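> Take a look at target00.cif, mmCIF, C-alpha atoms:
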data_work
#
loop_
_atom_site.label_atom_id
_atom_site.label_comp_id
_atom_site.auth_asym_id
_atom_site.auth_seq_id
_atom_site.Cartn_x
_atom_site.Cartn_y
_atom_site.Cartn_z
CA MET A 315 189.97 -0.71 40.01
CA ALA A 316 191.66 2.64 40.19
CA ASP A 317 188.38 4.48 40.38
CA GLU A 318 186.92 2.37 43.19
CA LYS A 319 188.14 4.90 45.72
CA GLY A 320 189.66 8.28 45.75
CA ALA A 321 187.90 9.34 42.59
CA PRO A 322 188.25 13.10 42.13
CA LEU A 323 185.24 14.98 43.32
CA ASP A 324 183.91 17.11 40.49
CA ARG A 325 181.13 19.59 41.04
CA GLN A 326 179.15 21.82 38.75
CA VAL A 327 177.25 24.70 40.33
CA VAL A 328 174.21 26.02 38.48
CA ARG A 329 171.43 28.45 39.32
CA MET A 330 167.83 27.48 38.98
CA PRO A 331 165.41 29.98 37.38
CA ASP A 332 164.21 31.03 40.83
CA GLY A 333 167.79 31.73 41.94
CA ARG A 334 168.36 28.67 44.06
CA GLN A 335 171.73 26.94 43.89
CA LEU A 336 171.99 23.40 42.54
CA ILE A 337 175.20 21.38 42.53
CA TYR A 338 175.86 18.31 40.40
CA TYR A 339 178.49 16.09 42.00
CA ARG A 340 180.22 13.68 39.66
CA PHE A 341 182.35 10.70 40.47
CA ALA A 342 184.41 8.62 38.12
CA ASN A 343 183.43 5.47 39.98
CA THR A 344 179.68 5.75 39.33
CA ALA A 345 177.70 7.46 36.60
CA PRO A 346 178.92 9.54 33.64
CA PRO A 347 178.67 13.32 34.03
CA PRO A 348 175.16 14.69 33.55
CA GLU A 349 174.40 17.26 30.91
CA PRO A 350 172.14 20.13 31.91
CA GLY A 351 168.86 19.43 30.19
CA PRO A 352 166.94 21.80 27.96
CA PRO A 353 163.90 23.55 29.41
CA ALA A 354 161.37 20.80 29.93
CA PRO A 355 157.83 21.05 28.58
CA ARG A 356 155.14 22.21 30.92
CA PRO A 357 153.39 19.39 32.73
CA SER A 358 150.06 18.25 31.42
CA ARG A 359 148.62 18.08 34.90
CA LYS A 360 149.25 19.82 38.15
CA LYS A 361 152.96 19.95 38.81
CA PRO A 362 154.14 18.85 42.18
CA LYS A 363 155.98 21.54 44.03
CA GLY A 364 159.42 21.14 45.50
CA LYS A 365 160.99 19.33 48.35
CA GLY A 366 159.99 20.45 51.78
CA MET B 1107 156.15 34.06 57.52
CA SER B 1108 159.58 32.85 58.56
CA GLU B 1109 161.49 33.93 61.63
CA LEU B 1110 163.26 32.81 64.79
CA ARG B 1111 161.24 33.26 67.95
CA TRP B 1112 162.94 32.96 71.33
CA HIS B 1113 161.54 30.51 73.88
CA PRO B 1114 162.43 32.25 77.17
CA PHE B 1115 161.75 29.20 79.35
CA LEU B 1116 163.76 26.64 77.40
CA GLU B 1117 166.17 29.34 76.21
CA GLN B 1118 166.21 28.18 72.63
CA TRP B 1119 165.07 29.40 69.24
CA VAL B 1120 161.89 28.15 67.57
CA ILE B 1121 161.78 28.42 63.78
CA THR B 1122 158.48 29.50 62.30
CA ALA B 1123 158.11 28.69 58.60
CA THR B 1124 154.47 28.92 57.58
CA HIS B 1125 155.26 28.62 53.86
CA ARG B 1126 156.24 24.98 54.42
CA GLN B 1127 152.56 24.09 54.83
CA ASP B 1128 152.31 24.07 51.03
CA ARG B 1129 155.18 21.67 50.33
CA THR B 1130 154.78 18.61 48.17
CA PHE B 1131 153.23 15.69 50.01
CA LEU B 1132 153.74 12.11 48.80
CA PRO B 1133 153.37 12.70 45.04
CA PRO B 1134 152.93 9.70 42.69
CA ALA B 1135 156.24 8.11 41.66
CA ASP B 1136 156.05 9.45 38.10
CA TYR B 1137 155.78 12.99 39.46
CA CYS B 1138 158.63 12.81 41.93
CA PRO B 1139 160.38 16.21 42.11
CA LEU B 1140 163.68 14.54 43.04
CA CYS B 1141 163.96 12.36 39.92
CA PRO B 1142 165.95 13.60 36.92
CA THR B 1143 163.98 15.54 34.32
CA ARG B 1144 163.48 12.98 31.56
CA PRO B 1145 163.23 14.11 27.94
CA GLY B 1146 159.59 14.98 27.37
CA GLY B 1147 158.80 14.46 31.03
CA PHE B 1148 157.58 16.97 33.55
CA PRO B 1149 160.23 19.36 34.93
CA THR B 1150 161.47 18.15 38.28
CA GLU B 1151 163.71 20.04 40.68
CA ILE B 1152 166.70 18.62 38.77
CA PRO B 1153 166.94 19.79 35.12
CA ALA B 1154 169.52 17.18 34.03
CA PRO B 1155 168.28 13.93 32.50
CA ASP B 1156 170.72 11.98 34.65
CA PHE B 1157 172.98 12.69 37.57
CA ASP B 1158 175.14 11.10 40.19
CA ILE B 1159 174.51 12.99 43.43
CA VAL B 1160 172.79 16.37 43.51
CA VAL B 1161 172.51 19.01 46.20
CA PHE B 1162 170.14 21.96 45.88
CA GLU B 1163 168.61 24.62 48.06
CA ASN B 1164 165.26 23.60 49.47
CA LYS B 1165 162.27 25.18 47.74
CA PHE B 1166 160.53 25.42 51.10
CA PRO B 1167 163.38 26.34 53.44
CA SER B 1168 163.06 26.80 57.17
CA LEU B 1169 166.20 28.95 57.05
CA GLN B 1170 167.23 31.24 54.20
CA ALA B 1171 170.44 33.05 53.27
CA HIS B 1172 168.37 36.18 52.66
CA PRO B 1173 165.40 35.78 54.97
CA PRO B 1174 162.47 38.17 55.16
CA ARG B 1175 162.28 40.59 58.05
CA PRO B 1176 160.33 39.16 60.98
CA ALA B 1177 156.61 39.77 60.67
CA VAL B 1178 156.27 40.63 64.34
CA ALA B 1179 158.07 43.15 66.52
CA ALA B 1180 160.33 41.84 69.26
CA THR B 1181 159.81 42.66 72.92
CA PRO B 1182 162.30 42.22 75.76
CA LEU B 1183 160.58 38.94 76.67
CA SER B 1184 160.04 37.84 73.10
CA PRO B 1185 163.14 38.36 70.98
CA VAL B 1186 162.74 37.63 67.29
CA GLN B 1187 165.32 37.38 64.53
CA PRO B 1188 165.35 36.70 60.80
CA ALA B 1189 165.53 32.96 60.08
CA ARG B 1190 168.94 33.17 58.46
CA GLY B 1191 170.69 30.02 57.34
CA ILE B 1192 170.62 27.57 54.44
CA CYS B 1193 168.54 24.44 53.90
CA GLU B 1194 169.74 21.99 51.30
CA VAL B 1195 168.36 18.76 49.88
CA VAL B 1196 170.84 15.98 49.07
CA VAL B 1197 169.54 13.57 46.44
CA TYR B 1198 171.52 10.37 46.83
CA SER B 1199 170.75 8.77 43.49
CA PRO B 1200 168.82 9.27 40.24
CA GLU B 1201 166.94 6.05 41.01
CA HIS B 1202 163.55 6.64 42.58
CA GLN B 1203 163.50 3.29 44.33
CA GLY B 1204 165.95 2.15 46.97
CA SER B 1205 167.43 3.64 50.09
CA LEU B 1206 170.72 4.69 51.60
CA GLY B 1207 171.30 1.17 52.90
CA SER B 1208 170.56 -0.50 49.57
CA MET B 1209 172.93 1.68 47.58
CA PRO B 1210 176.24 0.19 46.37
CA LEU B 1211 179.18 0.86 48.66
CA PRO B 1212 180.99 3.20 46.20
CA ARG B 1213 177.89 5.40 46.04
CA ILE B 1214 177.69 5.58 49.85
CA ARG B 1215 181.36 6.55 49.93
CA ASN B 1216 180.66 9.25 47.37
CA LEU B 1217 177.81 10.54 49.49
CA LEU B 1218 180.17 10.84 52.46
CA ARG B 1219 182.45 12.95 50.30
CA VAL B 1220 179.55 15.17 49.27
CA TRP B 1221 178.61 15.64 52.92
CA LYS B 1222 182.20 16.64 53.65
CA ASP B 1223 182.18 19.12 50.80
CA ARG B 1224 178.94 20.65 52.06
CA TYR B 1225 180.31 20.83 55.62
CA LEU B 1226 183.36 22.73 54.40
CA ASP B 1227 181.43 24.98 52.02
CA LEU B 1228 178.52 25.86 54.29
CA GLY B 1229 180.63 25.99 57.44
CA ALA B 1230 182.90 28.61 55.84
CA LYS B 1231 180.04 31.13 55.68
CA ASP B 1232 180.27 33.67 58.49
CA PHE B 1233 176.63 33.31 59.54
CA VAL B 1234 176.73 29.50 59.75
CA LYS B 1235 177.56 28.17 63.20
CA TYR B 1236 176.50 24.58 62.72
CA VAL B 1237 176.13 22.28 59.70
CA PHE B 1238 173.51 19.70 60.49
CA VAL B 1239 173.33 16.65 58.19
CA PHE B 1240 170.30 14.42 58.60
CA GLU B 1241 167.89 12.04 56.92
CA ASN B 1242 164.30 11.19 57.70
CA ARG B 1243 163.33 7.80 56.31
CA GLY B 1244 159.79 6.53 56.07
CA GLU B 1245 156.33 8.00 56.40
CA ALA B 1246 156.43 7.09 60.11
CA VAL B 1247 158.84 9.98 60.64
CA GLY B 1248 157.04 12.39 58.35
CA VAL B 1249 158.76 11.80 55.04
CA THR B 1250 156.92 13.55 52.21
CA LEU B 1251 159.02 12.21 49.31
CA HIS B 1252 160.20 8.61 49.02
CA HIS B 1253 163.09 9.23 46.61
CA PRO B 1254 166.33 8.47 48.52
CA HIS B 1255 167.49 11.79 49.91
CA GLY B 1256 168.63 13.60 53.00
CA GLN B 1257 168.87 17.18 54.12
CA ILE B 1258 171.36 19.68 55.48
CA TYR B 1259 170.50 22.63 57.68
CA ALA B 1260 173.16 25.30 58.06
CA PHE B 1261 172.15 26.89 61.35
CA PRO B 1262 172.99 30.41 62.52
CA TYR B 1263 173.36 28.97 66.02
CA ILE B 1264 174.41 25.71 67.66
CA PRO B 1265 171.20 23.65 68.05
CA PRO B 1266 170.24 22.99 71.68
CA VAL B 1267 170.70 19.20 71.71
CA VAL B 1268 174.17 19.56 70.23
CA GLU B 1269 174.99 22.39 72.61
CA LYS B 1270 174.10 20.23 75.61
CA GLU B 1271 176.14 17.34 74.25
CA LEU B 1272 179.11 19.62 73.67
CA ALA B 1273 178.87 21.05 77.18
CA ALA B 1274 179.06 17.55 78.68
CA SER B 1275 181.99 16.69 76.41
CA ARG B 1276 183.79 19.87 77.37
CA GLU B 1277 183.31 19.21 81.08
CA HIS B 1278 184.62 15.63 80.74
CA TRP B 1279 187.62 16.82 78.75
CA SER B 1280 188.52 19.50 81.28
CA ARG B 1281 188.15 17.03 84.17
CA THR B 1282 189.91 14.01 82.64
CA GLY B 1283 191.81 15.29 79.61
CA ARG B 1284 189.99 12.72 77.50
CA CYS B 1285 187.17 12.69 74.96
CA LEU B 1286 183.85 11.63 76.50
CA PHE B 1287 182.78 9.85 73.32
CA CYS B 1288 186.10 8.00 73.04
CA ASP B 1289 185.63 6.80 76.62
CA VAL B 1290 182.02 5.72 76.01
CA LEU B 1291 183.04 3.96 72.81
CA ALA B 1292 185.88 2.13 74.56
CA GLU B 1293 183.46 0.98 77.25
CA GLU B 1294 180.90 -0.21 74.69
CA ILE B 1295 183.54 -2.14 72.73
CA SER B 1296 184.97 -3.64 75.90
CA ASP B 1297 181.54 -4.66 77.22
CA GLY B 1298 180.30 -5.87 73.86
CA ARG B 1299 176.69 -6.56 74.84
CA ARG B 1300 175.36 -3.49 73.09
CA LEU B 1301 177.50 -3.66 69.96
CA VAL B 1302 175.59 -4.13 66.70
CA VAL B 1303 178.33 -4.07 64.07
CA GLN B 1304 181.99 -3.14 64.16
CA GLY B 1305 184.94 -2.93 61.84
CA ASP B 1306 188.52 -1.76 61.94
CA GLY B 1307 187.58 1.88 61.73
CA PHE B 1308 184.06 2.09 63.18
CA ALA B 1309 181.63 0.69 65.69
CA ALA B 1310 177.83 0.82 65.95
CA PHE B 1311 176.05 0.20 69.21
CA VAL B 1312 172.78 0.68 71.03
CA PRO B 1313 173.94 3.06 73.73
CA PHE B 1314 173.58 2.09 77.38
CA PHE B 1315 171.28 5.09 77.79
CA ALA B 1316 169.20 4.50 74.63
CA ARG B 1317 165.97 6.49 74.64
CA TRP B 1318 164.42 4.77 71.61
CA PRO B 1319 163.96 0.97 71.49
CA TYR B 1320 166.41 0.54 68.61
CA GLU B 1321 168.37 3.77 68.94
CA THR B 1322 171.82 3.14 67.49
CA TRP B 1323 174.96 5.25 67.31
CA LEU B 1324 177.67 4.79 64.70
CA ALA B 1325 181.08 6.40 65.06
CA PRO B 1326 184.63 6.30 63.81
CA ARG B 1327 186.90 4.61 66.34
CA ARG B 1328 189.52 7.28 66.04
CA HIS B 1329 188.89 10.75 67.40
CA ILE B 1330 187.52 12.84 64.54
CA GLY B 1331 185.72 16.08 65.29
CA SER B 1332 184.08 16.74 61.96
CA MET B 1333 183.77 15.65 58.35
CA ALA B 1334 186.60 18.05 57.55
CA GLU B 1335 188.98 15.55 59.19
CA TRP B 1336 187.71 12.51 57.31
CA THR B 1337 190.35 10.63 55.35
CA GLU B 1338 189.60 8.20 52.54
CA ALA B 1339 190.09 5.37 55.01
CA ASP B 1340 187.54 6.92 57.38
CA GLU B 1341 185.07 7.35 54.55
CA GLU B 1342 185.53 3.77 53.51
CA ALA B 1343 185.06 2.51 57.08
CA LEU B 1344 182.01 4.63 57.78
CA ALA B 1345 180.38 3.76 54.47
CA ALA B 1346 180.80 0.08 55.28
CA GLY B 1347 179.45 0.68 58.77
CA LEU B 1348 176.42 2.54 57.47
CA LYS B 1349 175.64 -0.18 54.97
CA ASP B 1350 176.03 -2.97 57.53
CA LEU B 1351 173.84 -1.22 60.06
CA LEU B 1352 171.09 -0.20 57.63
CA ARG B 1353 170.97 -3.72 56.22
CA LYS B 1354 170.33 -5.00 59.72
CA PHE B 1355 167.66 -2.37 60.32
CA ASP B 1356 165.74 -3.53 57.25
CA ALA B 1357 166.22 -7.20 58.16
CA LEU B 1358 164.95 -6.75 61.70
CA PHE B 1359 161.25 -6.83 60.81
CA GLY B 1360 161.62 -7.88 57.19
CA LYS B 1361 160.49 -4.50 55.85
CA PRO B 1362 161.89 -1.00 55.31
CA PHE B 1363 162.85 0.30 58.73
CA PRO B 1364 161.94 3.95 59.37
CA TYR B 1365 164.45 6.12 61.15
CA VAL B 1366 165.74 9.60 61.76
CA MET B 1367 169.48 9.78 61.14
CA VAL B 1368 171.50 12.75 62.38
CA VAL B 1369 175.18 13.57 62.36
CA HIS B 1370 176.68 15.34 65.36
CA GLN B 1371 180.03 16.99 64.77
CA SER B 1372 182.07 20.11 65.51
CA PRO B 1373 180.33 23.46 65.11
CA THR B 1374 181.69 25.92 62.58
CA ASP B 1375 181.53 28.89 64.92
CA GLY B 1376 185.29 29.30 65.19
CA GLY B 1377 185.38 27.95 68.73
CA ASP B 1378 187.62 25.32 70.26
CA HIS B 1379 185.80 22.01 69.93
CA ARG B 1380 188.65 19.55 70.34
CA ASP B 1381 186.43 17.52 72.68
CA CYS B 1382 183.84 16.84 69.96
CA HIS B 1383 183.73 13.37 68.40
CA LEU B 1384 181.76 13.03 65.17
CA HIS B 1385 179.08 10.36 65.20
CA PHE B 1386 175.79 9.31 63.65
CA GLU B 1387 172.68 8.84 65.78
CA PHE B 1388 169.69 6.84 64.54
CA TYR B 1389 166.28 7.20 66.17
CA PRO B 1390 163.96 4.52 64.76
CA PRO B 1391 160.35 5.12 65.84
CA LEU B 1392 159.32 1.43 65.92
CA ARG B 1393 159.25 -0.52 69.18
CA SER B 1394 158.07 -3.71 67.42
CA ALA B 1395 157.18 -4.69 63.86
CA ASN B 1396 153.84 -2.90 63.97
CA ARG B 1397 153.99 -0.64 66.99
CA MET B 1398 155.32 2.88 67.23
CA LYS B 1399 157.12 4.60 70.03
CA PHE B 1400 155.45 7.99 70.43
CA LEU B 1401 156.83 11.04 72.14
CA ALA B 1402 153.91 11.37 74.52
CA GLY B 1403 153.36 13.22 77.78
CA CYS B 1404 156.47 12.18 79.65
CA GLU B 1405 158.78 12.68 76.70
CA SER B 1406 157.19 15.84 75.27
CA GLY B 1407 156.14 17.51 78.48
CA ALA B 1408 158.80 16.41 80.93
CA GLY B 1409 161.68 15.77 78.55
CA SER B 1410 162.19 12.36 80.11
CA PHE B 1411 162.23 9.33 77.83
CA ILE B 1412 160.67 6.03 78.79
CA ASN B 1413 162.20 3.16 76.84
CA ASP B 1414 160.09 -0.01 76.72
CA THR B 1415 163.15 -2.12 75.94
CA VAL B 1416 166.67 -2.53 77.26
CA ALA B 1417 169.65 -1.71 75.10
CA GLU B 1418 171.33 -5.10 75.57
CA GLU B 1419 168.33 -7.00 74.16
CA SER B 1420 167.75 -4.57 71.29
CA ALA B 1421 171.41 -4.82 70.30
CA ALA B 1422 171.26 -8.62 70.37
CA GLU B 1423 168.18 -8.55 68.10
CA LEU B 1424 169.96 -6.26 65.66
CA ARG B 1425 173.11 -8.38 65.70
CA ARG B 1426 171.06 -11.45 64.73
CA ALA B 1427 169.07 -9.59 62.06
CA GLY B 1428 170.32 -10.33 58.58
CA GLY B 1429 173.01 -12.70 59.79
CA GLU B 1430 176.62 -11.96 60.47
CA SER B 1431 177.89 -8.76 58.95
CA ARG B 1432 181.58 -8.61 58.34
#
Rewrite the structure from the file as structure tokens, please.


Amino acid sequence: MADEKGAPLDRQVVRMPDGRQLIYYRFANTAPPPEPGPPAPRPSRKKPKGKG
Amino acid sequence: MSELRWHPFLEQWVITATHRQDRTFLPPADYCPLCPTRPGGFPTEIPAPDFDIVVFENKFPSLQAHPPRPAVAATPLSPVQPARGICEVVVYSPEHQGSLGSMPLPRIRNLLRVWKDRYLDLGAKDFVKYVFVFENRGEAVGVTLHHPHGQIYAFPYIPPVVEKELAASREHWSRTGRCLFCDVLAEEISDGRRLVVQGDGFAAFVPFFARWPYETWLAPRRHIGSMAEWTEADEEALAAGLKDLLRKFDALFGKPFPYVMVVHQSPTDGGDHRDCHLHFEFYPPLRSANRMKFLAGCESGAGSFINDTVAEESAAELRRAGGESR
């Protein structure tokens, strides 16, 4: 398959509300491009923090 | 509090990062901050409902692009500097289950390309001297989130282990005109007793001088200094090598095999590092199915490793694990 290797590397840089950078990398040989989601509802119980 | 404090005896920086005490610790799977944010679900670190590979700045970074001023004043014996740098999290997959070794080969190849992109991007920043790609796998090595992911630290200095390795490589190059790693690799391939897996473009071996019972190094056969020099063929070879090796790790004791994986490659300090040969090093903490190798007195206090196994036997065990590989 043509997309098995050498698929163009596509990246979308976004800023999180706290200013941190987040990059979505997309590849034609795996998943379809993600769409930035709408603001998610607040969690019903204590929200885990981030990655450490 | 976050700063770099100078260790005058070991002549190296120590990073203090007290805010990391509050980071997420082994949350339940349905509250994983590295999963996509599902419609109606709780907001994770990743707002999109699906993704391929994602990289984001760590919420609890040890190094920051805009660090706070040090909380203590420096003295001539105790230099202190802002902890400047960048810490990123690389989420390998939207799937919560799985691991680097269980991912399909195209996804591993894609991850290699993401690493390369991060090396080029982070390494181009004037305050970044070294781009350090690594992964901690398993609670045995302190993992706090099980979702398949790794990390990247963009250091404002060359880390001490790498610096020592580079000094030895430089000395060998100036004395022989050859790459130390290329010479070691040629010897390992020629000897063969410590090889674990090999292919046209890569070889993995338990080094003659292994410090950990199942310590394994994986490297491209051709002399490549950094990810910037990777070609598609190199990426393909290394992805296959990673998958082969990690499959053997998991087969060894019939359960997920914990490890620390690090990539050593050329610094981005603008210096001449033609003697550097990119490679992966794996430090698995197990010395048997249920026993850990600890960094105890001799290792922590004297800096001298005691390995309870010999590399030739460990490599033979790994070669047998999971059957023939290629």

> To test your reading of the syntax: which residues would the PyMOL selection byres ((chain A and resi 338) around 6) return for the file shown? Reply as a list in words.

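Applying the PyMOL selection byres ((chain A and resi 338) around 6) to the structure shown produces Arg325, Gln326, Ile337 and Tyr339 of chain A; Val1160 of chain B.
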
> Expand the PyMOL selection byres ((chain B and resi 1259) around 8) into the individual residues it matches in the shown file, reporting them as a ChimeraX atom specification.

/B:1169,1191-1194,1237-1239,1257-1258,1260-1261

> I'd like the neighbourhood of Gly333 in chain A as an MDAnalysis selection string, where a residue qualifies if any of its atoms comes within 12 Å (using all atoms listed in the file), though same-chain residues fewer than 5 positions away should be ignored.

(chainID A and resid 327:328) or (chainID B and resid 1162:1165 1171:1172)

> Residues picked by the PyMOL selection byres ((chain B and resi 1118) around 12) here, as a PyMOL selection string?

chain B and resi 1110-1117+1119-1121+1184-1186+1263-1270

> Any idea what's packed within 9 Å of Pro1133 in chain B, counting all atoms listed in the file, ignoring anything in its chain fewer than 5 positions away? Could you give it as a list in words?

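What passes the distance filter is Pro362 of chain A; Cys1138, Pro1139, Thr1250, Leu1251 and His1252 of chain B.
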
> Could you dump the residues just selected with C-alpha atoms as a PDB file, in the frame of the given file?


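The result, stored in out_35.pdb:
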ATOM      1  CA  PRO A 362     154.140  18.850  42.180  1.00  0.00           C
TER       2      PRO A 362
ATOM      3  CA  CYS B1138     158.630  12.810  41.930  1.00  0.00           C
ATOM      4  CA  PRO B1139     160.380  16.210  42.110  1.00  0.00           C
ATOM      5  CA  THR B1250     156.920  13.550  52.210  1.00  0.00           C
ATOM      6  CA  LEU B1251     159.020  12.210  49.310  1.00  0.00           C
ATOM      7  CA  HIS B1252     160.200   8.610  49.020  1.00  0.00           C
TER       8      HIS B1252
END

> Between CA of Thr1322 in chain B and CA of Glu1423 in chain B, what is the distance, to one decimal in Å?

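Atom-to-atom, CA of Thr1322 in chain B to CA of Glu1423 in chain B, that is 12.3 Å.
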
> From the set B:Glu1342, B:Val1312, B:Ala1292, B:Trp1323, which residue has the shortest atom-to-atom contact distance to chain A, counting all atoms listed in the file?

B:Glu1342

> Identify all chain B residues at most 9 Å from chain A by counting all atoms listed in the file; ligands do not count. Present them as a compact mmCIF listing (two decimals) with C-alpha atoms, in the frame of the given file.


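Output file selection-v3.txt is given in full below:
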# COMPACT_ATOMS: atom_id res chain seq x y z
CA ARG B 1126 156.24 24.98 54.42
CA GLN B 1127 152.56 24.09 54.83
CA ASP B 1128 152.31 24.07 51.03
CA ARG B 1129 155.18 21.67 50.33
CA THR B 1130 154.78 18.61 48.17
CA PHE B 1131 153.23 15.69 50.01
CA PRO B 1133 153.37 12.70 45.04
CA TYR B 1137 155.78 12.99 39.46
CA CYS B 1138 158.63 12.81 41.93
CA PRO B 1139 160.38 16.21 42.11
CA LEU B 1140 163.68 14.54 43.04
CA THR B 1143 163.98 15.54 34.32
CA ARG B 1144 163.48 12.98 31.56
CA PRO B 1145 163.23 14.11 27.94
CA GLY B 1146 159.59 14.98 27.37
CA GLY B 1147 158.80 14.46 31.03
CA PHE B 1148 157.58 16.97 33.55
CA PRO B 1149 160.23 19.36 34.93
CA THR B 1150 161.47 18.15 38.28
CA GLU B 1151 163.71 20.04 40.68
CA ILE B 1152 166.70 18.62 38.77
CA PRO B 1153 166.94 19.79 35.12
CA ALA B 1154 169.52 17.18 34.03
CA PRO B 1155 168.28 13.93 32.50
CA ASP B 1156 170.72 11.98 34.65
CA PHE B 1157 172.98 12.69 37.57
CA ASP B 1158 175.14 11.10 40.19
CA ILE B 1159 174.51 12.99 43.43
CA VAL B 1160 172.79 16.37 43.51
CA VAL B 1161 172.51 19.01 46.20
CA PHE B 1162 170.14 21.96 45.88
CA GLU B 1163 168.61 24.62 48.06
CA ASN B 1164 165.26 23.60 49.47
CA LYS B 1165 162.27 25.18 47.74
CA PHE B 1166 160.53 25.42 51.10
CA PRO B 1167 163.38 26.34 53.44
CA SER B 1168 163.06 26.80 57.17
CA VAL B 1195 168.36 18.76 49.88
CA PRO B 1212 180.99 3.20 46.20
CA ARG B 1213 177.89 5.40 46.04
CA ARG B 1215 181.36 6.55 49.93
CA ASN B 1216 180.66 9.25 47.37
CA ARG B 1219 182.45 12.95 50.30
CA VAL B 1220 179.55 15.17 49.27
CA THR B 1250 156.92 13.55 52.21
CA LEU B 1251 159.02 12.21 49.31
CA GLU B 1338 189.60 8.20 52.54
CA GLU B 1342 185.53 3.77 53.51

> Would you pick out the contacts of Ala1346 in chain B at 12 Å or less, using only C-alpha atoms, so that residues sharing its chain but fewer than 4 positions from it are not included, and give the list as a PyMOL selection string?

chain B and resi 1206-1215+1218+1303-1310+1324-1326+1339-1342+1350-1353+1431-1432

> So how far away is CA of Ala1422 in chain B from CA of Val1302 in chain B, in Å?

7.2 Å

> Quote the spacing between CA of His1383 in chain B and CA of Ala1246 in chain B in Å to one decimal place.

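Interatomic distance, CA of His1383 in chain B to CA of Ala1246 in chain B: 29.2 Å.
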
> Fix up range 1393-1398 of chain B with all heavy atoms, then write it as a compact mmCIF listing (two decimals), in the coordinates of the input.


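The result, written out as result_37.txt:
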# COMPACT_ATOMS: atom_id res chain seq x y z
N ARG B 1393 158.86 0.25 67.99
CA ARG B 1393 159.25 -0.52 69.18
C ARG B 1393 158.98 -2.00 68.96
O ARG B 1393 159.40 -2.85 69.75
CB ARG B 1393 158.55 -0.01 70.44
CG ARG B 1393 157.04 -0.03 70.42
CD ARG B 1393 156.52 0.67 71.70
NE ARG B 1393 155.08 0.87 71.65
CZ ARG B 1393 154.20 -0.01 72.14
NH1 ARG B 1393 154.62 -1.14 72.70
NH2 ARG B 1393 152.92 0.25 72.08
N SER B 1394 158.24 -2.34 67.89
CA SER B 1394 158.07 -3.71 67.42
C SER B 1394 157.68 -3.59 65.95
O SER B 1394 157.58 -2.48 65.42
CB SER B 1394 157.01 -4.46 68.23
OG SER B 1394 155.73 -3.90 68.00
N ALA B 1395 157.42 -4.73 65.30
CA ALA B 1395 157.18 -4.69 63.86
C ALA B 1395 156.04 -3.75 63.49
O ALA B 1395 156.07 -3.09 62.44
CB ALA B 1395 156.90 -6.10 63.34
N ASN B 1396 155.02 -3.69 64.33
CA ASN B 1396 153.84 -2.90 63.97
C ASN B 1396 153.45 -1.86 65.02
O ASN B 1396 152.34 -1.34 64.99
CB ASN B 1396 152.65 -3.84 63.72
CG ASN B 1396 152.92 -4.80 62.58
OD1 ASN B 1396 153.24 -4.37 61.46
ND2 ASN B 1396 152.85 -6.09 62.86
N ARG B 1397 154.34 -1.61 65.95
CA ARG B 1397 153.99 -0.64 66.99
C ARG B 1397 155.02 0.49 67.03
O ARG B 1397 156.22 0.26 66.95
CB ARG B 1397 153.93 -1.32 68.35
CG ARG B 1397 152.74 -2.25 68.46
CD ARG B 1397 152.54 -2.73 69.86
NE ARG B 1397 151.34 -3.55 69.93
CZ ARG B 1397 151.24 -4.66 70.65
NH1 ARG B 1397 152.25 -5.07 71.38
NH2 ARG B 1397 150.12 -5.35 70.65
N MET B 1398 154.47 1.69 67.21
CA MET B 1398 155.32 2.88 67.23
C MET B 1398 155.62 3.32 68.65
O MET B 1398 154.81 3.13 69.55
CB MET B 1398 154.57 4.03 66.54
CG MET B 1398 154.28 3.83 65.08
SD MET B 1398 155.65 4.37 64.09
CE MET B 1398 155.61 6.13 64.40
